[in-house]
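*Asks:* Supplied structure: coords.cif, mmCIF, C-alpha atoms.
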```cif
data_protein
#
loop_
_atom_site.label_atom_id
_atom_site.label_comp_id
_atom_site.auth_asym_id
_atom_site.auth_seq_id
_atom_site.Cartn_x
_atom_site.Cartn_y
_atom_site.Cartn_z
CA MET F 1 39.96 26.15 92.21
CA GLY F 2 37.65 28.95 93.51
CA PRO F 3 34.29 29.88 91.98
CA ARG F 4 35.63 33.11 90.46
CA LEU F 5 38.47 31.31 88.65
CA ARG F 6 36.07 28.63 87.38
CA THR F 7 33.82 31.39 86.08
CA MET F 8 36.69 33.07 84.23
CA LEU F 9 37.88 29.85 82.62
CA ALA F 10 34.45 28.72 81.50
CA THR F 11 33.58 32.24 80.31
CA ALA F 12 36.44 32.06 77.82
CA ALA F 13 35.07 28.82 76.42
CA VAL F 14 31.53 30.15 76.17
CA LEU F 15 32.78 33.30 74.45
CA ALA F 16 34.07 31.13 71.62
CA SER F 17 30.63 29.53 71.33
CA ALA F 18 28.87 32.90 71.36
CA SER F 19 31.22 34.26 68.69
CA THR F 20 30.43 31.29 66.46
CA ALA F 21 26.71 31.86 66.96
CA ALA F 22 27.02 35.54 66.10
CA ALA F 23 28.98 34.73 62.94
CA CYS F 24 26.16 32.44 61.86
CA GLY F 25 23.52 35.13 62.41
CA MET F 26 22.14 33.53 65.57
CA GLY F 27 22.00 36.68 67.71
CA THR F 28 18.43 37.73 68.44
CA GLY F 29 18.79 41.21 69.86
CA ASP F 30 15.81 40.17 71.97
CA GLY F 31 16.07 38.40 75.28
CA GLU F 32 13.01 36.22 74.75
CA GLY F 33 14.53 34.76 71.56
CA ASP F 34 12.69 32.36 69.28
CA ARG F 35 10.38 33.00 66.41
CA PRO F 36 6.94 31.45 65.78
CA ALA F 37 7.09 27.91 64.48
CA GLY F 38 4.89 24.90 63.95
CA PRO F 39 3.18 22.98 66.75
CA GLY F 40 4.05 19.84 68.54
CA THR F 41 7.54 20.03 69.99
CA SER F 42 6.89 20.30 73.72
CA ALA F 43 6.97 16.88 75.31
CA PRO F 44 3.83 15.23 76.68
CA VAL F 45 3.58 14.59 80.40
CA ASP F 46 1.35 11.81 81.65
CA GLY F 47 1.05 13.12 85.19
CA SER F 48 3.01 10.29 86.78
CA PRO F 49 6.50 10.67 88.27
CA GLY F 50 9.34 9.35 86.24
CA ALA F 51 13.12 9.32 86.17
CA LEU F 52 14.61 12.76 85.74
CA ALA F 53 17.88 13.09 83.89
CA PRO F 54 19.49 16.49 84.38
CA THR F 55 22.07 17.50 81.81
CA SER F 56 25.51 18.82 82.64
CA SER F 57 27.00 20.32 79.52
CA PRO F 58 30.53 21.39 78.69
CA ALA F 59 31.22 24.77 77.15
CA GLY F 60 31.59 25.05 73.41
CA PRO F 61 29.32 24.74 70.36
CA ALA F 62 29.87 21.03 69.76
CA SER F 63 27.76 19.93 72.73
CA GLY F 64 24.55 21.51 71.42
CA ARG F 65 23.55 22.22 75.02
CA SER F 66 24.10 24.95 77.58
CA SER F 67 27.37 26.71 78.19
CA PRO F 68 27.15 28.27 81.66
CA SER F 69 30.09 30.17 83.02
CA ALA F 70 31.21 27.27 85.21
CA ALA F 71 31.16 23.51 85.10
CA PRO F 72 27.57 22.49 86.01
CA THR F 73 27.19 20.74 89.33
CA GLY F 74 24.34 19.95 91.72
CA THR F 75 22.00 17.25 92.92
CA PRO F 76 19.28 15.92 90.58
CA ALA F 77 15.69 16.00 91.78
CA ALA F 78 14.15 12.75 92.94
CA SER F 79 11.32 12.42 90.42
CA GLY F 80 9.96 13.80 87.18
CA PRO F 81 7.16 16.25 86.44
CA ALA F 82 3.42 15.96 86.80
CA VAL F 83 0.86 18.28 85.24
CA VAL F 84 -0.84 20.63 87.68
CA VAL F 85 -2.97 22.34 85.02
CA GLY F 86 -2.99 22.63 81.22
CA GLY F 87 -4.69 24.68 78.53
CA LEU F 88 -3.38 28.09 79.65
CA GLU F 89 -2.99 30.92 77.14
CA ALA F 90 0.30 32.86 77.27
CA PRO F 91 0.67 32.58 81.06
CA TRP F 92 3.31 34.78 82.67
CA SER F 93 3.37 34.58 86.46
CA VAL F 94 2.24 32.42 89.41
CA ALA F 95 1.54 33.79 92.89
CA PHE F 96 -0.32 32.42 95.92
CA HIS F 97 -3.30 33.86 97.78
CA GLY F 98 -2.89 31.77 100.90
CA THR F 99 -2.70 28.29 99.39
CA VAL F 100 -4.64 29.20 96.23
CA PRO F 101 -2.49 29.57 93.08
CA LEU F 102 -3.20 32.62 90.92
CA ILE F 103 -1.91 32.82 87.33
CA SER F 104 -1.69 35.82 84.99
CA GLU F 105 -2.38 35.50 81.26
CA ARG F 106 -0.36 38.09 79.37
CA ASP F 107 -2.54 38.63 76.32
CA SER F 108 -6.05 38.30 77.77
CA GLY F 109 -5.34 40.23 80.97
CA ARG F 110 -7.08 37.51 82.96
CA VAL F 111 -6.19 36.32 86.46
CA LEU F 112 -7.02 32.66 87.06
CA GLU F 113 -7.30 30.61 90.24
CA LEU F 114 -6.48 26.91 90.32
CA ALA F 115 -8.57 24.39 92.22
CA PRO F 116 -6.97 21.35 93.88
CA ASP F 117 -8.36 19.14 91.10
CA GLY F 118 -6.52 21.16 88.45
CA ARG F 119 -9.44 23.17 87.15
CA ALA F 120 -8.88 26.85 86.40
CA ARG F 121 -11.46 29.61 86.67
CA GLU F 122 -11.32 33.32 86.01
CA VAL F 123 -11.02 35.50 89.10
CA GLY F 124 -11.13 38.70 87.10
CA THR F 125 -9.57 40.73 84.31
CA VAL F 126 -7.17 43.57 84.91
CA PRO F 127 -8.80 46.54 83.17
CA GLY F 128 -7.02 48.53 80.50
CA VAL F 129 -4.35 45.94 79.64
CA ARG F 130 -2.84 46.61 76.22
CA HIS F 131 -1.09 43.59 74.81
CA GLY F 132 1.53 44.08 72.13
CA GLY F 133 4.83 42.27 71.66
CA GLU F 134 6.08 41.41 75.15
CA GLY F 135 3.61 43.73 76.89
CA GLY F 136 0.36 42.80 78.64
CA LEU F 137 -0.49 41.43 82.07
CA LEU F 138 2.86 40.34 83.50
CA GLY F 139 3.91 39.81 87.12
CA LEU F 140 1.71 39.05 90.13
CA ALA F 141 2.38 39.27 93.87
CA VAL F 142 0.10 38.82 96.88
CA ARG F 143 0.28 40.35 100.34
CA ASP F 144 -2.32 40.49 103.13
CA GLY F 145 -5.25 39.50 100.92
CA THR F 146 -4.32 42.00 98.19
CA LEU F 147 -3.23 41.11 94.66
CA TYR F 148 -0.59 43.29 93.02
CA ALA F 149 -0.33 43.20 89.22
CA TYR F 150 2.23 44.67 86.81
CA SER F 151 0.76 45.34 83.37
CA THR F 152 1.04 47.39 80.21
CA GLY F 153 -1.63 50.05 79.72
CA ASP F 154 -1.96 53.00 77.36
CA GLY F 155 1.59 54.23 76.82
CA GLN F 156 2.91 52.99 80.15
CA ASN F 157 3.55 50.07 82.41
CA ARG F 158 1.91 50.30 85.80
CA ILE F 159 1.47 48.45 89.08
CA GLN F 160 -2.04 48.15 90.50
CA ARG F 161 -3.50 46.42 93.52
CA PHE F 162 -6.82 44.66 94.01
CA THR F 163 -8.59 43.33 97.07
CA VAL F 164 -9.20 39.60 96.68
CA ALA F 165 -12.68 38.74 97.96
CA GLY F 166 -14.49 35.44 98.45
CA GLU F 167 -13.50 31.89 99.20
CA PRO F 168 -11.36 29.48 97.17
CA GLY F 169 -13.36 28.44 94.14
CA SER F 170 -15.25 31.74 94.05
CA LEU F 171 -12.57 34.42 94.38
CA ALA F 172 -13.13 37.84 92.82
CA LEU F 173 -11.10 41.01 92.34
CA GLY F 174 -12.08 44.39 93.74
CA GLU F 175 -11.59 47.72 92.01
CA PRO F 176 -8.04 48.62 90.93
CA ARG F 177 -5.96 51.09 92.90
CA GLU F 178 -2.78 52.43 91.34
CA VAL F 179 0.45 51.76 93.19
CA LEU F 180 2.80 53.16 90.55
CA GLY F 181 2.27 54.45 87.03
CA GLY F 182 4.44 56.02 84.37
CA ILE F 183 6.87 53.13 83.95
CA PRO F 184 8.14 53.37 80.35
CA ALA F 185 6.60 50.76 78.03
CA ALA F 186 7.34 49.46 74.55
CA GLY F 187 6.81 46.40 72.38
CA ASN F 188 9.65 44.73 74.27
CA HIS F 189 11.94 45.24 77.27
CA ASN F 190 9.09 45.84 79.73
CA GLY F 191 10.57 43.98 82.71
CA GLY F 192 7.46 43.07 84.70
CA ARG F 193 8.38 40.90 87.68
CA ILE F 194 7.14 42.02 91.11
CA ALA F 195 7.76 40.45 94.50
CA PHE F 196 7.65 41.31 98.18
CA GLY F 197 10.99 41.11 99.94
CA PRO F 198 11.67 39.86 103.45
CA ASP F 199 11.66 43.54 104.49
CA GLY F 200 7.99 43.89 103.51
CA MET F 201 8.80 46.21 100.60
CA LEU F 202 7.54 45.69 97.03
CA TYR F 203 10.27 45.22 94.41
CA ALA F 204 9.71 45.53 90.64
CA THR F 205 11.88 44.94 87.58
CA THR F 206 11.61 47.40 84.70
CA GLY F 207 13.16 47.14 81.24
CA ASP F 208 14.78 49.90 79.21
CA ALA F 209 11.75 49.91 76.84
CA GLY F 210 14.15 50.16 73.91
CA ASN F 211 15.72 53.40 75.18
CA ARG F 212 19.18 52.22 76.19
CA PRO F 213 20.48 55.40 77.86
CA SER F 214 17.51 55.41 80.27
CA ALA F 215 19.00 52.41 82.10
CA GLN F 216 21.86 54.65 83.29
CA ASP F 217 19.61 57.62 84.09
CA PRO F 218 18.81 57.64 87.82
CA GLY F 219 15.87 59.94 87.09
CA SER F 220 14.15 57.37 84.86
CA LEU F 221 12.10 54.40 86.04
CA ALA F 222 13.31 52.36 83.03
CA GLY F 223 16.06 49.73 83.24
CA LYS F 224 15.89 49.43 87.01
CA VAL F 225 15.04 47.33 90.01
CA LEU F 226 12.59 49.49 91.99
CA ARG F 227 11.79 49.28 95.71
CA MET F 228 8.65 50.78 97.20
CA THR F 229 6.22 50.54 100.07
CA PRO F 230 3.05 48.46 99.48
CA GLU F 231 1.27 51.76 98.74
CA GLY F 232 3.89 52.88 96.21
CA GLY F 233 5.79 55.31 98.42
CA VAL F 234 9.55 55.76 98.65
CA PRO F 235 11.02 53.90 101.65
CA PRO F 236 13.19 56.21 103.74
CA ASP F 237 16.13 53.78 103.55
CA ASN F 238 16.25 53.54 99.76
CA PRO F 239 19.78 54.11 98.45
CA PHE F 240 18.87 57.24 96.44
CA PRO F 241 16.97 59.73 98.64
CA GLY F 242 13.45 60.40 97.39
CA SER F 243 13.76 57.82 94.61
CA LEU F 244 12.23 54.38 94.04
CA VAL F 245 15.42 53.27 92.26
CA TYR F 246 17.16 50.42 94.07
CA SER F 247 19.62 49.43 91.32
CA LEU F 248 20.24 50.62 87.77
CA GLY F 249 21.97 49.68 84.53
CA HIS F 250 19.55 46.87 83.61
CA ARG F 251 18.41 45.95 80.10
CA ASN F 252 15.40 43.75 80.83
CA PRO F 253 15.46 42.09 84.27
CA GLN F 254 12.95 39.26 84.61
CA GLY F 255 13.19 37.35 87.89
CA LEU F 256 13.49 38.23 91.58
CA ALA F 257 14.10 35.93 94.55
CA TRP F 258 15.72 36.11 97.98
CA ALA F 259 17.99 33.58 99.65
CA PRO F 260 17.42 32.77 103.34
CA ASP F 261 20.26 35.15 104.29
CA GLY F 262 18.50 38.04 102.53
CA THR F 263 20.59 38.05 99.34
CA LEU F 264 18.51 39.28 96.39
CA TYR F 265 19.01 37.51 93.05
CA ALA F 266 17.74 38.73 89.69
CA SER F 267 17.80 37.22 86.21
CA GLU F 268 18.24 39.42 83.16
CA PHE F 269 17.86 39.18 79.39
CA GLY F 270 20.99 40.28 77.57
CA GLN F 271 21.36 41.48 74.01
CA ASP F 272 23.34 39.13 71.73
CA THR F 273 26.21 38.17 74.00
CA TRP F 274 25.30 37.36 77.61
CA ASP F 275 22.24 36.71 79.73
CA GLU F 276 22.84 37.16 83.44
CA LEU F 277 22.17 36.05 86.99
CA ASN F 278 22.94 38.94 89.32
CA VAL F 279 23.16 39.57 93.03
CA ILE F 280 21.38 42.90 93.50
CA GLU F 281 23.07 45.43 95.75
CA PRO F 282 21.52 48.76 96.84
CA ALA F 283 22.67 51.49 94.41
CA GLY F 284 24.45 48.85 92.30
CA ASN F 285 25.05 49.68 88.64
CA TYR F 286 24.85 46.58 86.44
CA GLY F 287 26.35 48.22 83.40
CA TRP F 288 23.79 48.23 80.58
CA PRO F 289 24.27 49.58 77.94
CA GLU F 290 27.94 50.21 78.63
CA VAL F 291 28.73 46.56 79.34
CA GLU F 292 27.03 43.18 79.00
CA GLY F 293 27.97 40.21 81.16
CA ILE F 294 31.20 39.92 83.14
CA ALA F 295 33.29 42.95 82.22
CA GLY F 296 35.51 43.54 85.23
CA ARG F 297 35.07 47.30 84.87
CA GLU F 298 35.21 49.59 87.87
CA GLY F 299 31.87 51.09 88.79
CA PHE F 300 29.80 48.17 87.44
CA VAL F 301 28.63 45.03 89.24
CA ASP F 302 29.41 41.80 87.39
CA PRO F 303 26.91 38.93 87.24
CA VAL F 304 27.62 35.81 89.27
CA GLN F 305 26.82 33.71 86.20
CA GLN F 306 26.26 34.37 82.50
CA TRP F 307 25.00 32.38 79.51
CA ALA F 308 24.73 32.82 75.76
CA PRO F 309 21.14 33.99 75.02
CA ARG F 310 20.44 31.08 72.66
CA GLU F 311 20.95 28.75 75.63
CA ALA F 312 19.16 30.79 78.26
CA SER F 313 16.79 33.81 78.11
CA PRO F 314 16.34 33.49 81.89
CA SER F 315 12.90 34.52 83.09
CA GLY F 316 11.31 33.78 86.48
CA ILE F 317 13.45 32.51 89.34
CA ALA F 318 12.84 30.97 92.76
CA VAL F 319 14.99 30.06 95.76
CA ALA F 320 14.36 26.58 97.18
CA ARG F 321 16.32 23.51 98.25
CA GLU F 322 19.51 25.53 98.76
CA ALA F 323 19.54 26.72 95.13
CA VAL F 324 18.33 29.42 92.77
CA TRP F 325 16.06 27.86 90.13
CA VAL F 326 15.96 29.65 86.78
CA ALA F 327 13.26 29.15 84.12
CA ASN F 328 14.62 29.70 80.59
CA LEU F 329 12.64 30.66 77.50
CA ARG F 330 14.86 30.34 74.45
CA GLY F 331 17.10 27.85 76.29
CA ARG F 332 14.08 25.62 77.09
CA ARG F 333 15.53 24.29 80.32
CA LEU F 334 15.41 24.68 84.08
CA ARG F 335 18.69 25.61 85.75
CA GLU F 336 19.61 24.85 89.33
CA VAL F 337 22.26 27.22 90.71
CA PRO F 338 23.53 26.24 94.18
CA LEU F 339 23.54 29.08 96.69
CA ALA F 340 26.86 27.81 97.99
CA ASP F 341 28.47 28.17 94.54
CA PRO F 342 26.47 30.56 92.32
CA GLY F 343 28.99 30.22 89.49
CA ALA F 344 27.93 26.58 88.98
CA ALA F 345 24.73 25.05 87.57
CA THR F 346 22.86 21.84 86.85
CA GLU F 347 20.39 21.69 83.96
CA HIS F 348 17.05 19.88 83.95
CA TRP F 349 14.46 19.20 81.22
CA ALA F 350 16.68 20.57 78.43
CA GLY F 351 14.46 20.77 75.33
CA GLU F 352 11.71 18.60 76.83
CA PHE F 353 8.84 21.00 77.55
CA GLY F 354 9.56 24.02 75.39
CA ARG F 355 9.86 27.55 76.72
CA LEU F 356 9.78 27.99 80.49
CA ARG F 357 8.50 31.34 81.78
CA ASP F 358 8.34 31.06 85.57
CA VAL F 359 9.33 28.85 88.47
CA VAL F 360 7.83 29.24 91.93
CA ARG F 361 8.05 27.59 95.32
CA THR F 362 4.59 26.63 96.56
CA PRO F 363 3.50 27.19 100.18
CA ASP F 364 4.02 23.48 100.91
CA GLY F 365 7.51 23.42 99.42
CA GLN F 366 6.94 22.06 95.91
CA LEU F 367 8.53 23.59 92.81
CA TRP F 368 6.15 24.54 90.01
CA VAL F 369 7.30 25.49 86.53
CA LEU F 370 5.19 27.49 84.07
CA THR F 371 5.61 26.74 80.36
CA ASN F 372 5.22 29.49 77.76
CA ASN F 373 4.71 27.92 74.34
CA THR F 374 1.50 29.78 73.37
CA ASP F 375 2.99 33.28 73.44
CA GLY F 376 3.63 33.41 69.68
CA ARG F 377 7.28 32.39 69.93
CA GLY F 378 6.97 28.78 71.01
CA ARG F 379 5.86 25.50 69.48
CA PRO F 380 2.79 24.57 71.53
CA GLY F 381 1.75 20.99 72.11
CA PRO F 382 -1.92 20.00 72.44
CA ASP F 383 -2.02 20.61 76.23
CA ASP F 384 0.01 23.82 76.39
CA ASP F 385 0.49 25.91 78.26
CA ARG F 386 0.94 24.04 81.53
CA VAL F 387 2.07 24.23 85.11
CA LEU F 388 4.41 21.31 85.81
CA ARG F 389 5.44 20.05 89.23
CA PHE F 390 9.17 19.45 89.44
CA GLY F 391 10.43 16.40 91.32
CA GLY F 392 9.74 15.79 94.99
CA ARG F 393 9.50 18.33 97.77
#
```
Represent the structure from my file as structure tokens, please.

*Replies:*
Amino acid sequence: MGPRLRTMLATAAVLASASTAAACGMGTGDGEGDRPAGPGTSAPVDGSPGALAPTSSPAGPASGRSSPSAAPTGTPAASGPAVVVGGLEAPWSVAFHGTVPLISERDSGRVLELAPDGRAREVGTVPGVRHGGEGGLLGLAVRDGTLYAYSTGDGQNRIQRFTVAGEPGSLALGEPREVLGGIPAAGNHNGGRIAFGPDGMLYATTGDAGNRPSAQDPGSLAGKVLRMTPEGGVPPDNPFPGSLVYSLGHRNPQGLAWAPDGTLYASEFGQDTWDELNVIEPAGNYGWPEVEGIAGREGFVDPVQQWAPREASPSGIAVAREAVWVANLRGRRLREVPLADPGAATEHWAGEFGRLRDVVRTPDGQLWVLTNNTDGRGRPGPDDDRVLRFGGR
């Protein structure tokens, strides 16, 4: 049975689950899901490796677990998590300046550096950050000693860059220089992930900012994957001449990562029906708000995998170990999607550590996962939020 047929069969089963959830009032209308609740439900981690038991869940509401669009498969990691750092406040993104990890805090606008002993110190604060709802300091990327930051300011989202000065343990940010401004902003659907591709170009995800038709408007920066030079210019080989738009028809894309063969993957928050993992094609139209999930409609690109939002809310993603790794917020799990069969998945840590915002491959090949239980929608434990190291290398 081929991957496409498996996807179609499992999609039918998940649709039944999603319909049941909708009938019970479980749709959120918001990709991040969850509402504030009491403390204490993210599991403690003692810092020592332990046995890791990934979950592989059948479709349908009775399992109480995930219902991906294909039977989960994959190879479990060799060991459990260890804490890299704790005590973070609403962290959103992890990037590396050389070997030094940098972390953004959404609400405070701070950029932190992590020392090898797990201590965190402030490198600087991005000026003019306006936190509200899902807005604030969001994605980070680093290139040639320069930090790029996506954040919400007065009435807009913007991308700025900062020279990183000093040595590890005493890093500091230079003055901001605008790369791109005027990205529509709202209390939710701000997108916010940025990453440099293997072509040296800067890619950014933008949400529809609550204005659904803008996702289909090629003249709007909202609801898009954007591609630009490191200075914010339009690359001459972009698919729409004179435009930063690389793909359109997105609701709230959240993660970006490239496979070794150059394939670009992106995760996306859906509405009430389907969250998505997409392969991004130049000039591709991913359907929002006309369609959500696998629709099979001419003119729109279908996702390679979809999940009910209550079991997903896929945020940051990374490619490592021959798989796409997907951090999930409302679903509270880490998904492993094999590059060889992107319609399949294995689940790890289901319900163990709360909301997961980002996953990143470190320069030495580890996988780090960023929890997100202090953002007002989670149930923080005493050490949240944390960076956890997943398994072996």

*Asks:* Report, in Å to a single decimal, how far apart CA of Pro253 in chain F and CA of Val225 in chain F are.

*Replies:* 7.8 Å

*Asks:* Residues of range 266-325 of chain F within 8 Å of range 355-358 of chain F: nearest atom pair and distance (Å, one decimal) for each, counting all atoms listed in the file, sorted by chain and number, as a Markdown table?

*Replies:*
```
| residue | atom | partner | partner_atom | distance |
| --- | --- | --- | --- | --- |
| F:Ser315 | CA | F:Arg357 | CA | 5.6 |
| F:Gly316 | CA | F:Asp358 | CA | 4.1 |
| F:Ile317 | CA | F:Asp358 | CA | 6.5 |
```

*Asks:* Could you list, as an NGL selection string, every residue within 10 Å of Trp274 in chain F, counting all atoms listed in the file and ignoring same-chain residues fewer than 3 positions away?

*Replies:* :F and (14-15 or 18 or 31 or 268-271 or 277 or 291-294 or 303 or 305-313)

*Asks:* Store the residues picked out above in a file with C-alpha atoms, as a compact mmCIF listing (two decimals), keeping the file's coordinate frame.

*Replies:*
```
# COMPACT_ATOMS: atom_id res chain seq x y z
CA VAL F 14 31.53 30.15 76.17
CA LEU F 15 32.78 33.30 74.45
CA ALA F 18 28.87 32.90 71.36
CA GLY F 31 16.07 38.40 75.28
CA GLU F 268 18.24 39.42 83.16
CA PHE F 269 17.86 39.18 79.39
CA GLY F 270 20.99 40.28 77.57
CA GLN F 271 21.36 41.48 74.01
CA LEU F 277 22.17 36.05 86.99
CA VAL F 291 28.73 46.56 79.34
CA GLU F 292 27.03 43.18 79.00
CA GLY F 293 27.97 40.21 81.16
CA ILE F 294 31.20 39.92 83.14
CA PRO F 303 26.91 38.93 87.24
CA GLN F 305 26.82 33.71 86.20
CA GLN F 306 26.26 34.37 82.50
CA TRP F 307 25.00 32.38 79.51
CA ALA F 308 24.73 32.82 75.76
CA PRO F 309 21.14 33.99 75.02
CA ARG F 310 20.44 31.08 72.66
CA GLU F 311 20.95 28.75 75.63
CA ALA F 312 19.16 30.79 78.26
CA SER F 313 16.79 33.81 78.11
```

*Asks:* Of the candidates F:Leu138, F:Val324, F:Ala172, F:Ala115, which shows the shortest atom-to-atom distance to Thr346 in chain F, using all atoms listed in the file?

*Replies:*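 Answer, going by the shortest atom-to-atom distance: F:Val324.
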
*Asks:* Between F:Gly232, F:Gly192, F:Asp341, F:Gly187, single out the one closest to Asn211 in chain F, counting all atoms listed in the file.

*Replies:*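 Using all atoms listed in the file, Asn211 in chain F sits closest to F:Gly187.
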
*Asks:* Name every residue that the PyMOL selection byres ((chain F and resi 157) around 12) selects in this structure, writing the answer as a ChimeraX atom specification with chains first and numbers rising.

*Replies:* /F:128-131,134-139,149-156,158-160,178-193,204-209,221-222

*Asks:* Hey, which of F:Pro314, F:Gly299, F:Gly391, F:Pro101 ends up closest to His348 in chain F? Count only C-alpha atoms.

*Replies:*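 Under the stated criterion, the closest residue is F:Gly391.
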
*Asks:* Please write the residues picked by the PyMOL selection byres ((chain F and resi 125) around 10) on this file as a ChimeraX atom specification.

*Replies:* /F:104-105,108-112,122-124,126-129,137,172-173

*Asks:* Report the distance between CA of Trp349 in chain F and CA of Leu329 in chain F in Å, rounded to one decimal place.

*Replies:*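 Taking CA of Trp349 in chain F as the start and CA of Leu329 in chain F as the end point, the length is 12.2 Å.
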
*Asks:* May I ask which of the residues F:Thr146, F:Asn372, F:Gln366, F:Thr273 is the closest one to Ala82 in chain F, counting all atoms listed in the file?

*Replies:* F:Gln366

*Asks:* Which distance in Å separates CA of Glu167 in chain F and CA of Leu140 in chain F, to one decimal?

*Replies:*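 Going from CA of Glu167 in chain F over to CA of Leu140 in chain F, I get 19.1 Å.
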
*Asks:* Which protein, DNA or RNA residues are at most 8 Å from (16.4, 25.9, 86.0) in the file's coordinates when you count all atoms listed in the file, listed as a PyMOL selection string?

*Replies:* chain F and resi 317+324-328+333-337+346-348

*Asks:* I'd like the contact shell of Pro213 in chain F - 12 Å cut-off, all atoms listed in the file, skipping same-chain residues fewer than 6 positions apart - returned as a count of residues only.

*Replies:* 15

*Asks:* Which protein, DNA or RNA residues are at most 12 Å from (10.6, 24.0, 95.4) in the file's coordinates when you count all atoms listed in the file, listed as an MDAnalysis selection string?

*Replies:* chainID F and resid 77 317:326 336 359:369 388:393

*Asks:* Excluding Phe240 in chain F and any residue of its chain fewer than 3 positions from it, enumerate the residues within 12 Å of it, using only C-alpha atoms, and give them as a ChimeraX atom specification.

*Replies:* /F:218-219,226-227,234-237,243-248,282-284

*Asks:* Evaluating the PyMOL selection byres ((chain F and resi 91) around 7) on the displayed file yields which residues, as a list in words?

*Replies:*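 Evaluating the PyMOL selection byres ((chain F and resi 91) around 7) on these coordinates yields Leu88, Glu89, Ala90, Trp92, Ser93, Ile103, Ser104, Glu105, Arg106 and Asn372 of chain F.
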
*Asks:* Go through F:Ile194, F:Gly331, F:Arg119, F:Asn285 one by one, measure the shortest atom-to-atom distance of each to Ala257 in chain F using all atoms listed in the file, and give the residue with the smallest value.

*Replies:*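 Looking only at the distances to Ala257 in chain F, the closest residue turns out to be F:Ile194.
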